[in-house]
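**Q** Got run02.txt for you, compact mmCIF, C-alpha atoms and all ligand atoms:
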```txt
# COMPACT_ATOMS: atom_id res chain seq x y z
CA ALA A 1191 68.05 143.82 -124.26
CA VAL A 1192 67.17 146.35 -126.93
CA GLU A 1193 69.18 149.06 -125.16
CA ALA A 1194 72.28 146.82 -125.40
CA GLU A 1195 71.62 146.19 -129.10
CA LEU A 1196 71.21 149.92 -129.70
CA ALA A 1197 74.41 150.73 -127.89
CA LYS A 1198 76.32 148.15 -130.00
CA SER A 1199 75.69 150.00 -133.25
CA TYR A 1200 75.05 153.58 -132.18
CA ASN A 1201 76.61 156.17 -129.96
CA THR A 1202 73.58 156.40 -127.68
CA THR A 1203 72.42 158.77 -124.95
CA PHE A 1204 69.49 157.57 -122.83
CA ASN A 1205 67.10 159.89 -121.04
CA THR A 1206 67.29 158.20 -117.63
CA ASP A 1207 65.31 160.92 -115.80
CA ASP A 1208 62.05 159.01 -116.14
CA GLN A 1209 60.63 162.43 -117.06
CA PRO A 1210 59.38 163.61 -120.43
CA LEU A 1211 61.74 165.84 -122.34
CA ALA A 1212 61.04 169.55 -121.83
CA PRO A 1213 60.79 171.72 -125.00
CA CYS A 1214 64.30 173.10 -124.39
CA GLN A 1215 65.69 169.55 -124.10
CA ILE A 1216 63.96 168.57 -127.35
CA ARG A 1217 65.47 171.61 -129.07
CA GLU A 1218 68.88 170.60 -127.71
CA ALA A 1219 68.38 166.99 -128.83
CA VAL A 1220 67.44 167.86 -132.43
CA LYS A 1221 70.47 170.14 -132.60
CA ARG A 1222 72.84 167.37 -131.46
CA TYR A 1223 71.59 163.90 -132.43
CA ASP A 1224 71.17 162.25 -135.84
CA ALA A 1225 68.12 160.39 -134.53
CA VAL A 1226 65.75 160.96 -131.62
CA LEU A 1227 63.59 158.13 -130.21
CA PRO A 1228 60.61 159.82 -128.55
CA THR A 1229 57.75 158.28 -126.57
CA VAL A 1230 54.21 159.57 -126.20
CA THR A 1231 55.27 161.78 -123.29
CA ASP A 1232 57.75 163.79 -125.37
CA LYS A 1233 55.80 166.60 -127.01
CA LEU A 1234 57.55 167.37 -130.28
CA THR A 1235 55.54 170.49 -131.01
CA ALA A 1236 56.44 173.09 -133.64
CA GLU A 1237 57.79 175.23 -130.82
CA ALA A 1238 59.97 172.43 -129.42
CA LEU A 1239 61.28 171.65 -132.91
CA ASP A 1240 62.12 175.29 -133.50
CA ALA A 1241 65.89 174.87 -133.32
CA PRO A 1242 68.07 177.14 -135.46
CA LYS A 1243 70.18 174.27 -136.75
CA VAL A 1244 68.77 170.77 -136.88
CA GLN A 1245 71.00 167.70 -136.90
CA THR A 1246 68.19 165.15 -136.54
CA LYS A 1247 67.24 163.23 -139.68
CA LEU A 1248 65.00 160.60 -138.06
CA LEU A 1249 62.38 160.59 -135.31
CA ALA A 1250 61.95 156.87 -134.60
CA ASN A 1251 58.89 156.93 -132.36
CA TYR A 1252 58.51 154.22 -129.70
CA GLY A 1253 54.78 153.57 -130.13
CA VAL A 1254 52.24 153.39 -132.92
CA GLY A 1255 50.45 156.70 -132.21
CA PHE A 1256 52.40 159.81 -133.05
CA SER A 1257 50.00 162.70 -132.44
CA HIS A 1258 52.59 164.11 -129.98
CA ILE A 1259 54.77 164.94 -133.01
CA ASP A 1260 54.09 167.96 -135.24
CA THR A 1261 54.60 166.01 -138.46
CA GLY A 1262 54.21 169.09 -140.68
CA ARG A 1263 56.97 170.95 -138.87
CA ALA A 1264 59.20 167.85 -138.79
CA SER A 1265 58.73 167.31 -142.54
CA ASP A 1266 59.55 170.97 -143.21
CA LEU A 1267 62.81 170.33 -141.40
CA GLY A 1268 63.47 167.29 -143.60
CA ILE A 1269 62.99 164.83 -140.73
CA THR A 1270 61.67 161.31 -141.43
CA ILE A 1271 59.26 159.83 -138.86
CA THR A 1272 58.69 156.13 -138.12
CA ASN A 1273 56.45 154.32 -135.60
CA THR A 1274 56.01 150.76 -134.23
CA PRO A 1275 52.78 149.23 -135.59
CA ASP A 1276 51.63 145.57 -135.42
CA VAL A 1277 53.69 144.46 -132.42
CA LEU A 1278 51.38 146.08 -129.87
CA SER A 1279 48.02 145.49 -131.57
CA GLU A 1280 47.14 142.30 -129.70
CA CYS A 1281 48.11 143.65 -126.28
CA THR A 1282 46.23 146.92 -126.82
CA ALA A 1283 43.12 145.01 -127.91
CA ASP A 1284 43.54 142.74 -124.87
CA LEU A 1285 43.52 145.84 -122.68
CA ALA A 1286 40.46 147.28 -124.43
CA MET A 1287 38.67 143.98 -123.71
CA THR A 1288 39.83 144.20 -120.09
CA LEU A 1289 38.36 147.70 -119.82
CA MET A 1290 35.11 146.67 -121.48
CA LEU A 1291 34.65 143.76 -119.10
CA MET A 1292 35.73 145.79 -116.06
CA VAL A 1293 33.26 148.59 -116.65
CA ALA A 1294 30.36 146.36 -117.67
CA ARG A 1295 30.85 143.99 -114.72
CA ARG A 1296 31.70 146.79 -112.26
CA ALA A 1297 35.02 145.15 -111.41
CA GLY A 1298 36.71 148.41 -110.39
CA GLU A 1299 33.90 149.30 -108.01
CA GLY A 1300 34.03 145.80 -106.51
CA GLU A 1301 37.76 145.93 -106.01
CA ARG A 1302 37.57 149.33 -104.35
CA GLU A 1303 34.86 148.09 -102.04
CA LEU A 1304 36.92 145.11 -100.91
CA ARG A 1305 40.04 147.15 -100.31
CA GLU A 1306 38.04 149.69 -98.30
CA GLY A 1307 36.73 146.84 -96.12
CA ALA A 1308 33.21 147.82 -97.16
CA TRP A 1309 31.92 144.47 -98.45
CA THR A 1310 29.02 143.36 -96.30
CA GLY A 1311 28.38 140.06 -98.09
CA TRP A 1312 26.56 138.52 -101.06
CA ARG A 1313 23.23 140.07 -101.97
CA PRO A 1314 21.21 139.33 -105.12
CA THR A 1315 21.34 142.95 -106.23
CA HIS A 1316 24.90 143.72 -105.19
CA LEU A 1317 27.06 145.36 -107.93
CA VAL A 1318 24.88 143.95 -110.64
CA GLY A 1319 26.36 144.90 -113.99
CA THR A 1320 25.65 144.41 -117.67
CA LYS A 1321 26.13 141.27 -119.77
CA VAL A 1322 28.82 141.62 -122.45
CA SER A 1323 28.46 138.38 -124.44
CA GLY A 1324 26.21 138.66 -127.46
CA LYS A 1325 25.93 142.46 -127.34
CA THR A 1326 26.71 144.94 -130.13
CA LEU A 1327 30.17 146.49 -130.22
CA GLY A 1328 30.79 149.64 -132.28
CA ILE A 1329 34.44 149.94 -133.28
CA VAL A 1330 35.59 153.43 -134.26
CA GLY A 1331 38.74 153.12 -136.39
CA PHE A 1332 39.17 149.73 -138.02
CA GLY A 1333 42.94 149.52 -138.37
CA ARG A 1334 45.18 146.87 -136.88
CA ILE A 1335 44.07 147.34 -133.26
CA GLY A 1336 40.38 147.75 -134.14
CA GLN A 1337 40.50 144.47 -136.06
CA GLU A 1338 42.15 142.66 -133.14
CA MET A 1339 39.34 143.99 -130.95
CA ALA A 1340 36.76 142.67 -133.42
CA LYS A 1341 38.44 139.25 -133.41
CA ARG A 1342 38.25 138.96 -129.63
CA ALA A 1343 34.73 140.31 -129.34
CA HIS A 1344 33.30 138.27 -132.23
CA PHE A 1345 34.97 134.91 -131.71
CA GLY A 1346 35.33 135.05 -127.92
CA PHE A 1347 32.15 136.83 -126.89
CA GLY A 1348 29.77 136.32 -129.80
CA MET A 1349 29.36 140.08 -130.17
CA LYS A 1350 27.85 141.74 -133.21
CA ILE A 1351 30.44 144.08 -134.73
CA LEU A 1352 29.70 147.50 -136.25
CA VAL A 1353 32.54 149.50 -137.73
CA GLN A 1354 33.18 153.15 -138.50
CA ASN A 1355 36.29 153.98 -140.47
CA ARG A 1356 37.43 157.02 -142.42
CA SER A 1357 37.85 154.93 -145.59
CA PRO A 1358 35.90 151.90 -146.86
CA VAL A 1359 37.05 148.63 -145.30
CA ARG A 1360 37.55 145.66 -147.64
CA GLN A 1361 34.54 143.35 -147.60
CA ASP A 1362 36.67 140.24 -146.96
CA ILE A 1363 38.08 141.88 -143.80
CA LEU A 1364 34.59 142.78 -142.57
CA ASP A 1365 33.40 139.25 -143.38
CA ARG A 1366 36.06 137.72 -141.11
CA TYR A 1367 34.21 139.14 -138.11
CA ASN A 1368 30.76 139.27 -139.65
CA ALA A 1369 31.15 143.03 -139.25
CA VAL A 1370 29.05 145.78 -140.82
CA GLN A 1371 30.60 149.11 -141.81
CA MET A 1372 28.33 152.01 -140.86
CA PRO A 1373 28.37 155.11 -143.08
CA THR A 1374 28.92 157.56 -140.20
CA LEU A 1375 29.52 157.69 -136.47
CA GLU A 1376 25.97 159.03 -136.18
CA ASP A 1377 24.75 155.71 -137.59
CA LEU A 1378 26.97 153.57 -135.36
CA LEU A 1379 26.40 155.22 -131.97
CA PRO A 1380 22.64 154.62 -131.49
CA GLU A 1381 23.06 150.94 -132.44
CA SER A 1382 25.98 150.08 -130.13
CA ASP A 1383 25.93 148.68 -126.58
CA PHE A 1384 29.69 149.28 -126.36
CA VAL A 1385 31.71 151.83 -128.35
CA SER A 1386 35.47 151.26 -128.49
CA LEU A 1387 37.79 153.93 -129.92
CA HIS A 1388 40.72 152.77 -132.06
CA CYS A 1389 41.28 155.79 -134.31
CA PRO A 1390 44.38 158.03 -134.31
CA GLY A 1391 44.59 161.13 -132.12
CA GLY A 1392 45.67 164.53 -133.37
CA PRO A 1393 43.71 167.62 -134.46
CA ALA A 1394 41.45 165.79 -136.95
CA ASN A 1395 39.93 163.60 -134.23
CA ARG A 1396 40.04 166.04 -131.30
CA ASN A 1397 36.72 165.84 -129.39
CA LEU A 1398 35.34 163.32 -131.87
CA MET A 1399 33.21 162.14 -128.95
CA ASN A 1400 31.45 165.36 -127.95
CA ASN A 1401 28.14 166.25 -126.29
CA ALA A 1402 26.07 165.69 -129.41
CA ARG A 1403 27.61 162.27 -129.96
CA PHE A 1404 27.24 161.16 -126.34
CA ASP A 1405 23.56 162.06 -126.73
CA LEU A 1406 23.34 159.58 -129.61
CA MET A 1407 24.58 156.68 -127.46
CA LYS A 1408 22.08 154.35 -125.82
CA PRO A 1409 21.41 155.37 -122.20
CA ASP A 1410 22.97 152.13 -120.95
CA ALA A 1411 25.88 151.97 -123.42
CA PHE A 1412 29.57 152.12 -122.50
CA LEU A 1413 32.50 153.99 -124.04
CA ILE A 1414 36.00 152.44 -124.11
CA ASN A 1415 39.06 154.53 -125.03
CA THR A 1416 42.49 153.02 -125.59
CA ALA A 1417 43.25 155.42 -128.48
CA ARG A 1418 44.16 158.95 -127.42
CA GLY A 1419 42.73 161.22 -124.73
CA GLU A 1420 42.05 164.09 -127.09
CA VAL A 1421 39.53 162.00 -129.05
CA VAL A 1422 37.08 162.42 -126.15
CA ASP A 1423 35.72 165.74 -124.86
CA GLU A 1424 36.26 164.88 -121.20
CA MET A 1425 33.84 167.51 -119.84
CA ALA A 1426 31.11 166.13 -122.09
CA LEU A 1427 31.98 162.61 -120.93
CA ALA A 1428 31.94 163.63 -117.24
CA GLN A 1429 28.49 165.17 -117.71
CA SER A 1430 27.16 162.06 -119.46
CA LEU A 1431 28.49 159.91 -116.62
CA MET A 1432 27.19 162.17 -113.85
CA PHE A 1433 23.72 162.50 -115.37
CA GLU A 1434 23.82 158.82 -116.35
CA THR A 1435 22.88 159.51 -119.94
CA ILE A 1436 25.28 156.65 -120.76
CA GLY A 1437 25.97 153.52 -118.73
CA GLY A 1438 29.65 154.08 -118.09
CA ALA A 1439 33.09 154.50 -119.58
CA ALA A 1440 36.56 153.02 -119.33
CA LEU A 1441 39.64 155.04 -120.24
CA ASP A 1442 43.29 154.13 -120.64
CA VAL A 1443 44.24 157.52 -122.10
CA PHE A 1444 43.54 161.10 -121.05
CA ASP A 1445 43.73 164.54 -122.60
CA GLY A 1446 46.83 166.15 -121.07
CA GLU A 1447 47.82 162.94 -119.25
CA PRO A 1448 49.18 162.23 -116.66
CA ARG A 1449 47.02 165.10 -115.35
CA ILE A 1450 43.48 163.79 -114.83
CA ASN A 1451 40.39 166.00 -115.07
CA PRO A 1452 39.22 165.95 -111.41
CA THR A 1453 35.55 165.70 -112.39
CA LEU A 1454 36.24 162.36 -114.04
CA ALA A 1455 37.74 160.96 -110.85
CA GLN A 1456 34.40 161.52 -109.09
CA CYS A 1457 32.46 159.24 -111.42
CA ASP A 1458 31.83 155.73 -110.05
CA ASN A 1459 30.71 154.40 -113.42
CA LEU A 1460 34.17 155.10 -114.85
CA VAL A 1461 37.17 152.77 -114.94
CA MET A 1462 40.57 154.45 -115.37
CA LEU A 1463 43.96 152.93 -116.13
CA PRO A 1464 47.27 154.80 -116.54
CA HIS A 1465 47.97 154.28 -120.29
CA LEU A 1466 48.72 150.55 -120.08
CA GLY A 1467 47.62 149.55 -123.62
CA SER A 1468 50.97 148.15 -124.74
CA ALA A 1469 52.40 147.59 -121.26
CA THR A 1470 53.46 143.95 -121.49
CA ARG A 1471 57.04 142.68 -121.49
CA GLU A 1472 56.42 141.11 -124.88
CA ALA A 1473 54.98 144.18 -126.60
CA ARG A 1474 57.45 146.67 -125.12
CA GLU A 1475 60.43 144.54 -126.13
CA ALA A 1476 59.05 144.04 -129.65
CA MET A 1477 58.43 147.81 -129.92
CA GLY A 1478 62.07 148.42 -129.02
CA PHE A 1479 63.31 146.04 -131.71
CA ARG A 1480 60.95 147.65 -134.22
CA VAL A 1481 62.51 151.05 -133.43
CA LEU A 1482 65.92 149.46 -133.97
CA ASP A 1483 64.84 148.00 -137.34
CA ASN A 1484 63.72 151.44 -138.45
CA LEU A 1485 66.99 153.02 -137.32
CA ASN A 1486 69.03 150.35 -139.07
CA ASP A 1487 67.08 150.70 -142.32
CA PHE A 1488 67.30 154.47 -142.29
CA PHE A 1489 71.02 154.71 -141.61
CA ALA A 1490 71.78 151.94 -144.12
CA GLY A 1491 70.08 154.08 -146.77
CA ARG A 1492 67.03 151.77 -147.08
CA ALA A 1493 63.41 152.94 -146.79
CA PRO A 1494 62.43 152.31 -143.13
CA ARG A 1495 59.60 149.77 -142.96
CA ASP A 1496 57.41 151.94 -140.72
CA ARG A 1497 57.81 155.39 -142.25
CA VAL A 1498 54.74 157.51 -141.46
CA ALA A 1499 56.00 160.94 -142.55
C1 LIG A 1501 52.90 153.35 -126.04
C2 LIG A 1501 50.77 153.93 -127.31
O1 LIG A 1501 53.14 152.84 -124.80
O2 LIG A 1501 51.81 152.96 -129.16
C3 LIG A 1501 51.08 153.83 -128.75
O3 LIG A 1501 50.55 154.65 -129.51
O4 LIG A 1501 49.94 154.67 -126.91
C4 LIG A 1501 51.46 153.07 -126.31
O5 LIG A 1501 51.37 151.75 -126.75
C5 LIG A 1501 53.31 154.78 -126.06
O6 LIG A 1501 52.98 155.38 -127.26
C6 LIG A 1501 54.79 154.89 -125.84
O7 LIG A 1501 55.34 155.93 -126.56
```
Would it be possible to restate this file's structure as structure tokens?
**A**
Amino acid sequence: AVEAELAKSYNTTFNTDDQPLAPCQIREAVKRYDAVLPTVTDKLTAEALDAPKVQTKLLANYGVGFSHIDTGRASDLGITITNTPDVLSECTADLAMTLMLMVARRAGEGERELREGAWTGWRPTHLVGTKVSGKTLGIVGFGRIGQEMAKRAHFGFGMKILVQNRSPVRQDILDRYNAVQMPTLEDLLPESDFVSLHCPGGPANRNLMNNARFDLMKPDAFLINTARGEVVDEMALAQSLMFETIGGAALDVFDGEPRINPTLAQCDNLVMLPHLGSATREAREAMGFRVLDNLNDFFAGRAPRDRVA
């Protein structure tokens, strides 16, 4: 539906290849089009944006995260960037809850066992997992999605909520979920039974979860990542999983996705999904209309509602 709406008002070219744009195609696009609508798979690096003459005035990103865009380079070229916040927060938090429950209750392992025809019957110790209700959840990044996660975990599962955020969170927001803001990640990690990442990607948060920080987690704690792959040092994670210095992990995003670090795939105590955070009909359609709103604002000379750079 959103494609039809777009085509009504704009002379539109769709990338129907189902493939990310290669750097040369990005260079070509910014030379030709007034606006480009990238997704997370289109790497708008400084190199890809290095076109001699740039026609593009707006990068209207389809998604809330935009660490695939070199914002400094785009700004130097006078390009405005917008994203699609809010409309995917609930679905992404739903998926983070799904991952948390899957890894704690060993749902992925159970499903694999059934499909392999390897289930031999009920036993009292079979695939015994970890209780989620009432446990402590550490939320890293307390923006829109982090707060939706807190809502679900606190009201639905009676979890105690700890928060780590780069800036102080308003007390009335923390009070909604009976949440406590911890001064640093080093304070949050040893106290949490589950750690869920909801911070932005990009260079500032690359390898935020590294060896030293995995060592601070409880030996039976779980890591959940629906943020960006680069936030986790995947070799450090694989080691923690293999040596069982943490209980397990569940990832929806990967550094260099769709390529998966083969060591990760060998870990049984790891649940993996192919970047499904916002993958519902409702969220994807709303994201499309949010892109359209930003385009319409920008080309009508108004400030786009979701300008991020
Ligand atoms: C999107 C996401 O599917 O919004 C984001 O940041 O990671 C996903 O919800 C993806 O970005 C599409 O571009």
**Q** Choose the residue, out of A:Thr1261, A:Ile1436, A:Ala1225, A:Pro1373, that has the smallest atom-to-atom separation from Pro1393 in chain A; count only C-alpha atoms.
**A** A:Thr1261
**Q** What box, with edges along x, y and z, holds each listed atom of range 1429-1436 of chain A when 4 Å is added on every side, and can you state its centre and edge lengths in Å to one decimal, as AutoDock Vina command-line options?
**A**
```
--center_x 25.7 --center_y 160.9 --center_z -117.3 --size_x 13.6 --size_y 16.5 --size_z 14.9
```
**Q** Report the distance between CA of Thr1416 in chain A and CA of Ala1343 in chain A in Å, rounded to one decimal place.
**A**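 A separation of 15.4 Å between them.
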**Q** With distances taken over only C-alpha atoms and all ligand atoms, which residue among A:Gly1268, A:Gly1255, A:Gly1446, A:Pro1228 lies nearest ligand LIG 1501 (chain A)?
**A**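 Looking at the shortest contact to ligand LIG 1501 (chain A), the residue is A:Gly1255.
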**Q** Give me the residues near range 1356-1360 of chain A as an mmCIF file with C-alpha atoms, in the coordinates of the input, where near means some atom within 8 Å (using only C-alpha atoms) and where sequence neighbours in that chain fewer than 2 positions away do not count.
**A**
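What ended up in selection_30.cif:
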```
data_model
loop_
_atom_site.group_PDB
_atom_site.id
_atom_site.type_symbol
_atom_site.label_atom_id
_atom_site.label_comp_id
_atom_site.auth_asym_id
_atom_site.auth_seq_id
_atom_site.Cartn_x
_atom_site.Cartn_y
_atom_site.Cartn_z
ATOM 1 C CA GLY A 1331 38.740 153.120 -136.390
ATOM 2 C CA PHE A 1332 39.170 149.730 -138.020
ATOM 3 C CA GLN A 1354 33.180 153.150 -138.500
ATOM 4 C CA ASP A 1362 36.670 140.240 -146.960
ATOM 5 C CA ILE A 1363 38.080 141.880 -143.800
ATOM 6 C CA LEU A 1364 34.590 142.780 -142.570
ATOM 7 C CA GLN A 1371 30.600 149.110 -141.810
#
```
**Q** Write out, as a tab-separated table, each residue of range 1234-1328 of chain A that has an atom at most 12 Å from range 1479-1492 of chain A, together with the closest pair of atoms and their distance in Å to one decimal, counting only C-alpha atoms, rows going by chain and rising number.
**A**
```
residue	atom	partner	partner_atom	distance
A:Thr1246	CA	A:Phe1489	CA	11.9
A:Lys1247	CA	A:Phe1488	CA	9.1
A:Leu1248	CA	A:Phe1488	CA	7.8
A:Leu1249	CA	A:Leu1485	CA	9.1
A:Ala1250	CA	A:Val1481	CA	6.0
A:Asn1251	CA	A:Val1481	CA	7.0
A:Tyr1252	CA	A:Val1481	CA	6.3
A:Gly1253	CA	A:Val1481	CA	8.8
A:Val1254	CA	A:Arg1480	CA	10.5
A:Ile1269	CA	A:Phe1488	CA	11.3
A:Thr1270	CA	A:Phe1488	CA	8.9
A:Ile1271	CA	A:Asn1484	CA	9.5
A:Thr1272	CA	A:Asn1484	CA	6.9
A:Asn1273	CA	A:Val1481	CA	7.2
A:Thr1274	CA	A:Arg1480	CA	5.8
A:Pro1275	CA	A:Arg1480	CA	8.4
A:Asp1276	CA	A:Arg1480	CA	9.6
A:Val1277	CA	A:Arg1480	CA	8.1
A:Leu1278	CA	A:Arg1480	CA	10.6
```
**Q** Which is closest to Ala1473 in chain A among A:Gln1456, A:Glu1280, A:Arg1342, A:Lys1321, if we use only C-alpha atoms?
**A**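 Ranked by minimum distance to Ala1473 in chain A, first place goes to A:Glu1280.
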**Q** Rank nothing, just name the residue among A:Phe1412, A:Phe1384, A:Phe1256, A:Tyr1200 nearest to ligand LIG 1501 (chain A), using all atoms listed in the file.
**A**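 The answer is A:Phe1256, which sits nearest to ligand LIG 1501 (chain A).
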**Q** Quick one: everything within 12 Å of Ser1257 in chain A, counting all atoms listed in the file, minus sequence neighbours fewer than 5 positions away in the same chain. Send it as JSON, numbers by chain.
**A** {"A": [1228, 1229, 1230, 1231, 1232, 1233, 1234, 1235, 1251, 1262, 1271, 1273, 1389, 1390, 1391, 1392, 1393, 1394, 1395, 1396, 1417, 1418, 1419, 1420, 1421, 1445, 1498, 1499]}
**Q** Just checking: using only C-alpha atoms and all ligand atoms, which residue out of A:Arg1305, A:Lys1325, A:His1258, A:Arg1222 ends up closest to ligand LIG 1501 (chain A)?
**A** A:His1258
**Q** Quick one: pull the distance between CA of Leu1441 in chain A and CA of Glu1376 in chain A, Å, one decimal.
**A**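 Rounded to one decimal, the two atoms are 21.4 Å apart.
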**Q** Limit the output to C-alpha atoms and give range 1365-1446 of chain A as an mmCIF file, in the first residue's frame.
**A**
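File result38.cif, as written:
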```
data_model
loop_
_atom_site.group_PDB
_atom_site.id
_atom_site.type_symbol
_atom_site.label_atom_id
_atom_site.label_comp_id
_atom_site.auth_asym_id
_atom_site.auth_seq_id
_atom_site.Cartn_x
_atom_site.Cartn_y
_atom_site.Cartn_z
ATOM 1 C CA ASP A 1365 8.992 4.964 38.495
ATOM 2 C CA ARG A 1366 6.522 3.639 35.901
ATOM 3 C CA TYR A 1367 8.404 0.345 35.889
ATOM 4 C CA ASN A 1368 9.831 0.558 39.385
ATOM 5 C CA ALA A 1369 13.184 0.709 37.588
ATOM 6 C CA VAL A 1370 16.559 1.705 39.008
ATOM 7 C CA GLN A 1371 19.131 3.521 36.881
ATOM 8 C CA MET A 1372 22.626 2.131 37.469
ATOM 9 C CA PRO A 1373 25.577 4.519 37.171
ATOM 10 C CA THR A 1374 27.552 2.293 34.777
ATOM 11 C CA LEU A 1375 27.327 -0.946 32.836
ATOM 12 C CA GLU A 1376 29.850 -2.341 35.326
ATOM 13 C CA ASP A 1377 27.251 -1.803 38.055
ATOM 14 C CA LEU A 1378 24.372 -3.302 36.064
ATOM 15 C CA LEU A 1379 25.991 -6.486 34.731
ATOM 16 C CA PRO A 1380 26.782 -8.330 38.000
ATOM 17 C CA GLU A 1381 23.231 -7.683 39.280
ATOM 18 C CA SER A 1382 21.290 -8.880 36.215
ATOM 19 C CA ASP A 1383 19.883 -12.337 35.434
ATOM 20 C CA PHE A 1384 19.066 -11.136 31.906
ATOM 21 C CA VAL A 1385 20.781 -8.312 30.007
ATOM 22 C CA SER A 1386 18.894 -6.900 27.025
ATOM 23 C CA LEU A 1387 20.587 -4.471 24.623
ATOM 24 C CA HIS A 1388 18.520 -1.561 23.285
ATOM 25 C CA CYS A 1389 21.217 1.037 22.576
ATOM 26 C CA PRO A 1390 22.176 2.373 19.130
ATOM 27 C CA GLY A 1391 24.908 0.732 17.050
ATOM 28 C CA GLY A 1392 27.733 2.625 15.399
ATOM 29 C CA PRO A 1393 31.351 3.260 16.408
ATOM 30 C CA ALA A 1394 30.559 4.578 19.913
ATOM 31 C CA ASN A 1395 28.977 1.281 20.983
ATOM 32 C CA ARG A 1396 31.096 -1.148 18.952
ATOM 33 C CA ASN A 1397 32.049 -4.122 21.176
ATOM 34 C CA LEU A 1398 30.296 -2.571 24.162
ATOM 35 C CA MET A 1399 29.856 -6.163 25.332
ATOM 36 C CA ASN A 1400 33.457 -7.381 25.355
ATOM 37 C CA ASN A 1401 35.435 -10.016 27.283
ATOM 38 C CA ALA A 1402 35.773 -7.911 30.415
ATOM 39 C CA ARG A 1403 32.050 -7.202 30.487
ATOM 40 C CA PHE A 1404 31.022 -10.809 29.858
ATOM 41 C CA ASP A 1405 33.206 -11.658 32.854
ATOM 42 C CA LEU A 1406 31.075 -9.323 34.975
ATOM 43 C CA MET A 1407 27.854 -11.176 34.127
ATOM 44 C CA LYS A 1408 26.529 -13.825 36.497
ATOM 45 C CA PRO A 1409 27.594 -17.326 35.378
ATOM 46 C CA ASP A 1410 23.965 -18.267 34.706
ATOM 47 C CA ALA A 1411 22.848 -14.948 33.162
ATOM 48 C CA PHE A 1412 21.615 -14.476 29.591
ATOM 49 C CA LEU A 1413 22.354 -11.805 26.982
ATOM 50 C CA ILE A 1414 19.638 -10.657 24.540
ATOM 51 C CA ASN A 1415 20.516 -8.503 21.511
ATOM 52 C CA THR A 1416 17.880 -6.916 19.295
ATOM 53 C CA ALA A 1417 19.943 -3.712 18.866
ATOM 54 C CA ARG A 1418 22.861 -4.014 16.451
ATOM 55 C CA GLY A 1419 25.397 -6.791 15.897
ATOM 56 C CA GLU A 1420 28.408 -4.547 16.353
ATOM 57 C CA VAL A 1421 27.442 -3.830 19.978
ATOM 58 C CA VAL A 1422 28.615 -7.362 20.874
ATOM 59 C CA ASP A 1423 32.153 -8.694 20.407
ATOM 60 C CA GLU A 1424 31.024 -11.992 18.898
ATOM 61 C CA MET A 1425 34.300 -13.852 19.556
ATOM 62 C CA ALA A 1426 34.088 -12.869 23.227
ATOM 63 C CA LEU A 1427 30.456 -14.003 23.274
ATOM 64 C CA ALA A 1428 31.283 -17.333 21.590
ATOM 65 C CA GLN A 1429 33.994 -17.966 24.201
ATOM 66 C CA SER A 1430 31.642 -17.139 27.074
ATOM 67 C CA LEU A 1431 29.054 -19.517 25.633
ATOM 68 C CA MET A 1432 31.523 -22.327 24.942
ATOM 69 C CA PHE A 1433 33.149 -22.114 28.379
ATOM 70 C CA GLU A 1434 29.720 -21.547 29.943
ATOM 71 C CA THR A 1435 30.831 -18.471 31.832
ATOM 72 C CA ILE A 1436 27.328 -17.148 31.064
ATOM 73 C CA GLY A 1437 24.087 -19.117 30.821
ATOM 74 C CA GLY A 1438 23.254 -18.345 27.210
ATOM 75 C CA ALA A 1439 22.454 -15.694 24.654
ATOM 76 C CA ALA A 1440 19.804 -14.844 22.087
ATOM 77 C CA LEU A 1441 20.607 -12.696 19.069
ATOM 78 C CA ASP A 1442 18.448 -11.114 16.393
ATOM 79 C CA VAL A 1443 21.307 -9.073 14.921
ATOM 80 C CA PHE A 1444 24.862 -9.935 13.888
ATOM 81 C CA ASP A 1445 28.050 -8.068 13.091
ATOM 82 C CA GLY A 1446 28.369 -8.227 9.295
#
```
